[in-house]
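Data file: structure20.tsv. Format and content: TSV, C-alpha atoms.
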chain	number	residue	atom	x	y	z
D	1	MET	CA	-8.33	38.46	-33.26
D	2	SER	CA	-11.81	39.95	-33.70
D	3	PHE	CA	-13.19	36.49	-32.92
D	4	ASN	CA	-11.50	36.58	-29.52
D	5	ARG	CA	-12.70	40.11	-28.78
D	6	ASN	CA	-16.27	39.15	-29.64
D	7	ILE	CA	-16.11	36.22	-27.26
D	8	ILE	CA	-14.70	38.33	-24.46
D	9	GLU	CA	-17.42	40.95	-24.99
D	10	LEU	CA	-20.03	38.17	-24.97
D	11	MET	CA	-18.67	36.81	-21.71
D	12	GLY	CA	-18.87	40.18	-19.97
D	13	GLU	CA	-17.99	40.58	-16.31
D	14	GLU	CA	-17.04	37.54	-14.29
D	15	GLN	CA	-19.91	36.50	-12.05
D	16	SER	CA	-20.05	33.37	-9.93
D	17	ILE	CA	-22.91	30.96	-9.48
D	18	ASP	CA	-22.71	29.75	-5.89
D	19	SER	CA	-24.27	26.29	-6.09
D	20	PRO	CA	-23.56	23.10	-4.13
D	21	GLU	CA	-22.45	21.37	-7.32
D	22	LEU	CA	-19.89	23.70	-8.87
D	23	LEU	CA	-18.70	27.27	-8.94
D	24	VAL	CA	-18.87	28.72	-12.44
D	25	ARG	CA	-19.74	32.07	-13.96
D	26	GLU	CA	-23.29	32.71	-15.13
D	27	ASP	CA	-22.01	32.89	-18.71
D	28	ALA	CA	-20.02	29.67	-18.48
D	29	PHE	CA	-21.90	27.96	-21.29
D	30	VAL	CA	-22.48	30.88	-23.66
D	31	MET	CA	-19.63	29.61	-25.83
D	32	ASN	CA	-19.84	26.21	-27.49
D	33	ASP	CA	-16.95	23.75	-27.28
D	34	ASP	CA	-15.43	24.74	-30.62
D	35	MET	CA	-15.31	28.40	-29.59
D	36	LYS	CA	-13.69	27.50	-26.26
D	37	ILE	CA	-11.09	25.31	-27.95
D	38	GLU	CA	-10.13	28.08	-30.39
D	39	LEU	CA	-9.81	30.69	-27.64
D	40	ILE	CA	-7.80	28.43	-25.32
D	41	GLU	CA	-5.57	27.40	-28.22
D	42	ASN	CA	-4.74	31.04	-28.95
D	43	HIS	CA	-3.97	31.80	-25.31
D	44	PHE	CA	-1.86	28.67	-24.84
D	45	THR	CA	0.09	29.57	-27.96
D	46	GLU	CA	1.00	32.85	-26.27
D	47	ILE	CA	2.01	31.06	-23.07
D	48	MET	CA	4.38	28.83	-25.02
D	49	ARG	CA	5.82	31.83	-26.85
D	50	VAL	CA	6.43	33.68	-23.58
D	51	LEU	CA	8.25	30.60	-22.29
D	52	GLY	CA	10.53	30.85	-25.32
D	53	LEU	CA	9.43	27.63	-27.03
D	54	ASN	CA	9.83	27.23	-30.78
D	55	LEU	CA	6.31	26.70	-32.12
D	56	ASN	CA	7.71	25.92	-35.58
D	57	ASP	CA	9.16	22.68	-34.24
D	58	ASP	CA	7.26	19.63	-35.48
D	59	SER	CA	6.85	18.32	-31.93
D	60	LEU	CA	5.36	21.56	-30.56
D	61	ARG	CA	3.39	22.91	-33.52
D	62	GLY	CA	0.15	21.14	-32.62
D	63	THR	CA	0.50	21.38	-28.85
D	64	PRO	CA	-1.76	24.42	-28.26
D	65	HIS	CA	-4.66	22.74	-30.08
D	66	ARG	CA	-4.07	19.43	-28.32
D	67	VAL	CA	-4.05	21.12	-24.92
D	68	ALA	CA	-7.18	23.14	-25.69
D	69	LYS	CA	-9.09	20.09	-26.92
D	70	MET	CA	-7.96	18.08	-23.88
D	71	TYR	CA	-9.12	20.82	-21.49
D	72	VAL	CA	-12.58	21.19	-23.03
D	73	LYS	CA	-13.38	17.63	-24.12
D	74	GLU	CA	-11.60	15.57	-21.48
D	75	ILE	CA	-10.07	16.68	-18.21
D	76	PHE	CA	-12.48	19.57	-17.55
D	77	GLY	CA	-15.55	18.11	-19.24
D	78	GLY	CA	-17.23	17.76	-15.85
D	79	LEU	CA	-17.76	21.52	-15.68
D	80	ASN	CA	-20.65	21.18	-18.11
D	81	PRO	CA	-23.82	19.73	-16.49
D	82	ALA	CA	-24.80	18.40	-19.93
D	83	ASN	CA	-22.06	15.79	-19.49
D	84	LYS	CA	-23.50	14.40	-16.25
D	85	PRO	CA	-24.07	10.65	-16.73
D	86	ASP	CA	-27.56	9.23	-16.54
D	87	ALA	CA	-28.17	7.07	-13.48
D	88	THR	CA	-29.88	3.86	-14.60
D	89	LEU	CA	-31.59	2.16	-11.67
D	90	PHE	CA	-32.84	-1.44	-11.52
D	91	GLU	CA	-35.35	-3.13	-9.30
D	92	ASN	CA	-33.68	-4.87	-6.36
D	93	LYS	CA	-35.21	-8.22	-7.35
D	94	TYR	CA	-33.01	-10.23	-5.04
D	95	GLN	CA	-33.94	-8.09	-2.03
D	96	TYR	CA	-30.29	-7.45	-1.30
D	97	ASN	CA	-30.20	-5.20	1.75
D	98	GLU	CA	-26.57	-5.34	2.88
D	99	MET	CA	-23.78	-2.91	2.12
D	100	LEU	CA	-22.76	-2.73	-1.53
D	101	LEU	CA	-19.16	-1.64	-1.99
D	102	GLU	CA	-17.48	-0.38	-5.17
D	103	LYS	CA	-13.78	-0.45	-4.39
D	104	ASP	CA	-10.66	1.22	-5.81
D	105	ILE	CA	-12.29	3.43	-8.43
D	106	THR	CA	-9.48	5.19	-10.30
D	107	LEU	CA	-9.41	8.94	-9.71
D	108	TYR	CA	-7.84	11.54	-11.99
D	109	SER	CA	-8.60	15.17	-11.26
D	110	PHE	CA	-6.82	18.54	-11.30
D	111	CYS	CA	-5.96	20.79	-8.37
D	112	GLU	CA	-7.66	24.16	-8.86
D	113	HIS	CA	-4.75	26.01	-7.23
D	114	HIS	CA	-1.97	24.93	-9.61
D	115	PHE	CA	-3.78	22.92	-12.31
D	116	LEU	CA	-1.66	19.88	-11.50
D	117	PRO	CA	-3.02	16.33	-11.32
D	118	ILE	CA	-4.70	14.67	-8.35
D	119	ILE	CA	-4.33	10.89	-8.63
D	120	GLY	CA	-5.89	8.37	-6.30
D	121	LYS	CA	-8.59	5.85	-5.48
D	122	VAL	CA	-12.23	6.28	-4.49
D	123	GLN	CA	-14.20	3.87	-2.31
D	124	VAL	CA	-18.00	4.02	-2.46
D	125	ALA	CA	-20.59	2.08	-0.49
D	126	TYR	CA	-24.37	2.28	-0.14
D	127	PHE	CA	-27.38	0.39	1.16
D	128	PRO	CA	-30.02	-0.22	-1.55
D	129	ASN	CA	-33.31	1.59	-1.13
D	130	GLY	CA	-35.59	-0.56	-3.28
D	131	LYS	CA	-33.36	-0.10	-6.34
D	132	VAL	CA	-29.75	-0.70	-7.30
D	133	ILE	CA	-27.57	1.14	-9.81
D	134	GLY	CA	-25.47	-0.28	-12.62
D	135	LEU	CA	-21.95	-0.55	-11.24
D	136	SER	CA	-20.30	1.30	-14.12
D	137	LYS	CA	-22.58	4.29	-13.41
D	138	ILE	CA	-20.87	4.78	-10.04
D	139	ASN	CA	-17.48	4.98	-11.78
D	140	ARG	CA	-18.86	7.38	-14.39
D	141	LEU	CA	-20.33	9.63	-11.70
D	142	VAL	CA	-16.96	9.75	-9.91
D	143	GLN	CA	-15.21	10.61	-13.17
D	144	TYR	CA	-17.77	13.33	-13.94
D	145	TYR	CA	-17.17	15.22	-10.69
D	146	ALA	CA	-13.40	14.65	-10.95
D	147	SER	CA	-13.30	16.18	-14.45
D	148	ARG	CA	-13.08	19.78	-13.30
D	149	PRO	CA	-10.65	21.89	-11.27
D	150	GLN	CA	-11.07	20.57	-7.75
D	151	VAL	CA	-10.11	20.47	-4.11
D	152	GLN	CA	-10.37	17.01	-2.63
D	153	GLU	CA	-12.74	18.00	0.18
D	154	ARG	CA	-15.31	19.41	-2.25
D	155	LEU	CA	-14.88	16.48	-4.64
D	156	THR	CA	-15.67	14.03	-1.83
D	157	GLU	CA	-18.90	15.82	-0.96
D	158	GLN	CA	-19.93	16.23	-4.60
D	159	ILE	CA	-19.56	12.51	-5.24
D	160	ALA	CA	-21.58	11.74	-2.10
D	161	ASP	CA	-24.34	14.21	-3.03
D	162	GLY	CA	-24.44	12.91	-6.59
D	163	LEU	CA	-24.84	9.34	-5.36
D	164	LYS	CA	-27.59	10.34	-2.93
D	165	GLU	CA	-29.50	11.93	-5.79
D	166	ALA	CA	-28.93	9.01	-8.16
D	167	LEU	CA	-29.64	6.22	-5.66
D	168	GLN	CA	-32.48	8.00	-3.84
D	169	THR	CA	-30.96	7.18	-0.47
D	170	ASN	CA	-28.86	8.94	2.19
D	171	ASP	CA	-27.05	5.73	3.18
D	172	ILE	CA	-23.85	6.64	1.37
D	173	ALA	CA	-20.15	6.39	2.22
D	174	VAL	CA	-17.38	7.90	0.10
D	175	MET	CA	-13.66	7.78	0.83
D	176	ILE	CA	-10.81	9.19	-1.24
D	177	ASP	CA	-7.07	8.64	-0.85
D	178	ALA	CA	-5.12	10.70	-3.35
D	179	GLU	CA	-1.71	12.08	-4.21
D	180	HIS	CA	-1.46	15.75	-5.20
D	181	LEU	CA	1.25	16.60	-7.70
D	182	CYS	CA	1.19	20.21	-6.48
D	183	VAL	CA	2.72	18.74	-3.31
D	184	ARG	CA	4.85	16.06	-4.95
D	185	SER	CA	6.33	17.85	-7.96
D	186	ARG	CA	6.67	21.45	-6.73
D	187	GLY	CA	6.93	23.43	-3.49
D	188	ILE	CA	7.72	21.04	-0.66
D	189	LYS	CA	8.22	18.14	-3.13
D	190	ASP	CA	7.04	15.54	-0.62
D	191	THR	CA	6.88	12.32	-2.64
D	192	HIS	CA	5.44	10.11	0.12
D	193	SER	CA	2.36	11.88	1.50
D	194	SER	CA	-1.24	11.39	0.42
D	195	THR	CA	-4.51	13.06	1.38
D	196	HIS	CA	-7.46	11.17	2.87
D	197	THR	CA	-11.05	12.46	2.93
D	198	ALA	CA	-14.37	10.79	3.72
D	199	SER	CA	-18.09	11.51	3.74
D	200	TYR	CA	-20.57	9.46	5.78
D	201	SER	CA	-24.33	9.92	5.81
D	202	GLY	CA	-27.48	8.01	6.77
D	203	LYS	CA	-26.64	4.60	8.24
D	204	PHE	CA	-22.95	5.32	7.80
D	205	LYS	CA	-23.08	7.87	10.62
D	206	ASP	CA	-22.75	4.80	12.87
D	207	GLU	CA	-19.07	4.43	13.79
D	208	LYS	CA	-19.21	0.63	13.76
D	209	LEU	CA	-20.51	0.69	10.20
D	210	GLN	CA	-17.78	3.15	9.23
D	211	MET	CA	-15.19	0.75	10.64
D	212	LYS	CA	-16.73	-2.12	8.67
D	213	PHE	CA	-16.64	-0.03	5.50
D	214	ILE	CA	-12.97	0.85	6.06
D	215	ALA	CA	-12.11	-2.78	6.83
D	216	LEU	CA	-13.78	-3.98	3.64
D	217	THR	CA	-11.93	-1.41	1.53
D	218	ASN	CA	-8.66	-2.66	3.03
D	219	ASN	CA	-9.38	-6.40	2.84
D	220	CYS	CA	-11.44	-7.00	-0.31
D	221	LYS	CA	-9.35	-8.16	-3.26
Target encoding structure tokens, full file:
Amino acid sequence: MSFNRNIIELMGEEQSIDSPELLVREDAFVMNDDMKIELIENHFTEIMRVLGLNLNDDSLRGTPHRVAKMYVKEIFGGLNPANKPDATLFENKYQYNEMLLEKDITLYSFCEHHFLPIIGKVQVAYFPNGKVIGLSKINRLVQYYASRPQVQERLTEQIADGLKEALQTNDIAVMIDAEHLCVRSRGIKDTHSSTHTASYSGKFKDEKLQMKFIALTNNCK
């Protein structure tokens, strides 16, 4: 238990960094991943005990560690800027200057209000500005910003801003259609609704181009 107390003392008072990318405390990265996993594991063990679960059961014994490792290494890995993917750009040798669309990128994120999943699809389009990006890098950038507690509105803008930085252009369109399990599995329990958000900048401020982008996302197979 002294390990936990030392960590808490090291963390100190909660202070927020108000940046356009993410909202974390100033001491967010004082602890390394192993320390975070151990602390979360201990706390999640207590949560399970309070719920009355039998932690001696073979099926539950390793759950606190699995959850802690999943939180730090997987579903919330996007909180750490060190995990931001490199954006490899290539010369636009073919002088392609039309819209480039990456369609139906799988989205998994977590609602910051209830820590329940957000599941959906992301559509991304851009006009090359002398260089193009490897297609898988777009997917990785989406996954990076999704891998943190989120609200869909912020996530949409973060993806757009990240693409502007990576592609060195403002001609970016991002659209997300997602289902929120905090709506579907609790509270109102509406199993049919989804949430739609979009961000348009540069050339995509033109409504005709927005309509073309939307039409392509609906029609391309």
Might you pull out every residue within 12 Å of Asp104 (chain D), with all atoms listed in the file counted and same-chain residues fewer than 5 positions away left off, and present them as a list in words?
->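 Contacts, in chain order: Ile119, Gly120, Lys121, Val122, Gln123, Val124, Ala125, Ile138, Asn139, Val142, Val174, Met175, Ile176, Asp177, Ala178, Leu216, Thr217, Asn218, Asn219, Cys220 and Lys221 of chain D.
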Quick one: everything within 6 Å of region 63-77 of chain D, counting all atoms listed in the file, minus sequence neighbours fewer than 5 positions away in the same chain. Send it as a list in words.
->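 Here the qualifying residues turn out to be Ile37, Ile40, Glu41, Phe44, Thr45, Ser147 and Arg148 of chain D.
Each of D:Glu98, D:His180, D:Lys137, D:Val24 was checked against Leu209 (chain D) using all atoms listed in the file; the smallest atom-to-atom distance is that of D:Glu98.
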For the point (-24.0, 13.9, 5.1) in the file's frame, write as a list in words all residues with an atom no more than 10 Å away, counting all atoms listed in the file.
->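 Collected hits near the coordinates: Glu157, Ala160, Asp161, Lys164, Asn170, Asp171, Ile172, Ala173, Ser199, Tyr200, Ser201, Gly202, Phe204 and Lys205 of chain D.
For the choices D:Pro128, D:Gly134, D:Pro85, D:Pro149, the atom-to-atom distance to Thr169 (chain D) is smallest for D:Pro128 when using all atoms listed in the file.
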Using only C-alpha atoms, which residue out of D:Asn97, D:Ala166, D:Glu153, D:Leu55 lies closest to Thr195 (chain D)?
-> D:Glu153
Provide the CA of Leu101 (chain D) to CA of Ala198 (chain D) distance in Å, to one decimal place.
->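 Computing the Euclidean distance for CA of Leu101 (chain D) and CA of Ala198 (chain D) yields 14.5 Å.
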Report as AutoDock Vina command-line options the centre and the edge lengths, in Å to one decimal, of the axis-aligned box holding every listed atom of region 131-134 of chain D, padded by 6 Å on each side.
--center_x -29.4 --center_y 0.2 --center_z -9.5 --size_x 19.9 --size_y 13.8 --size_z 18.3
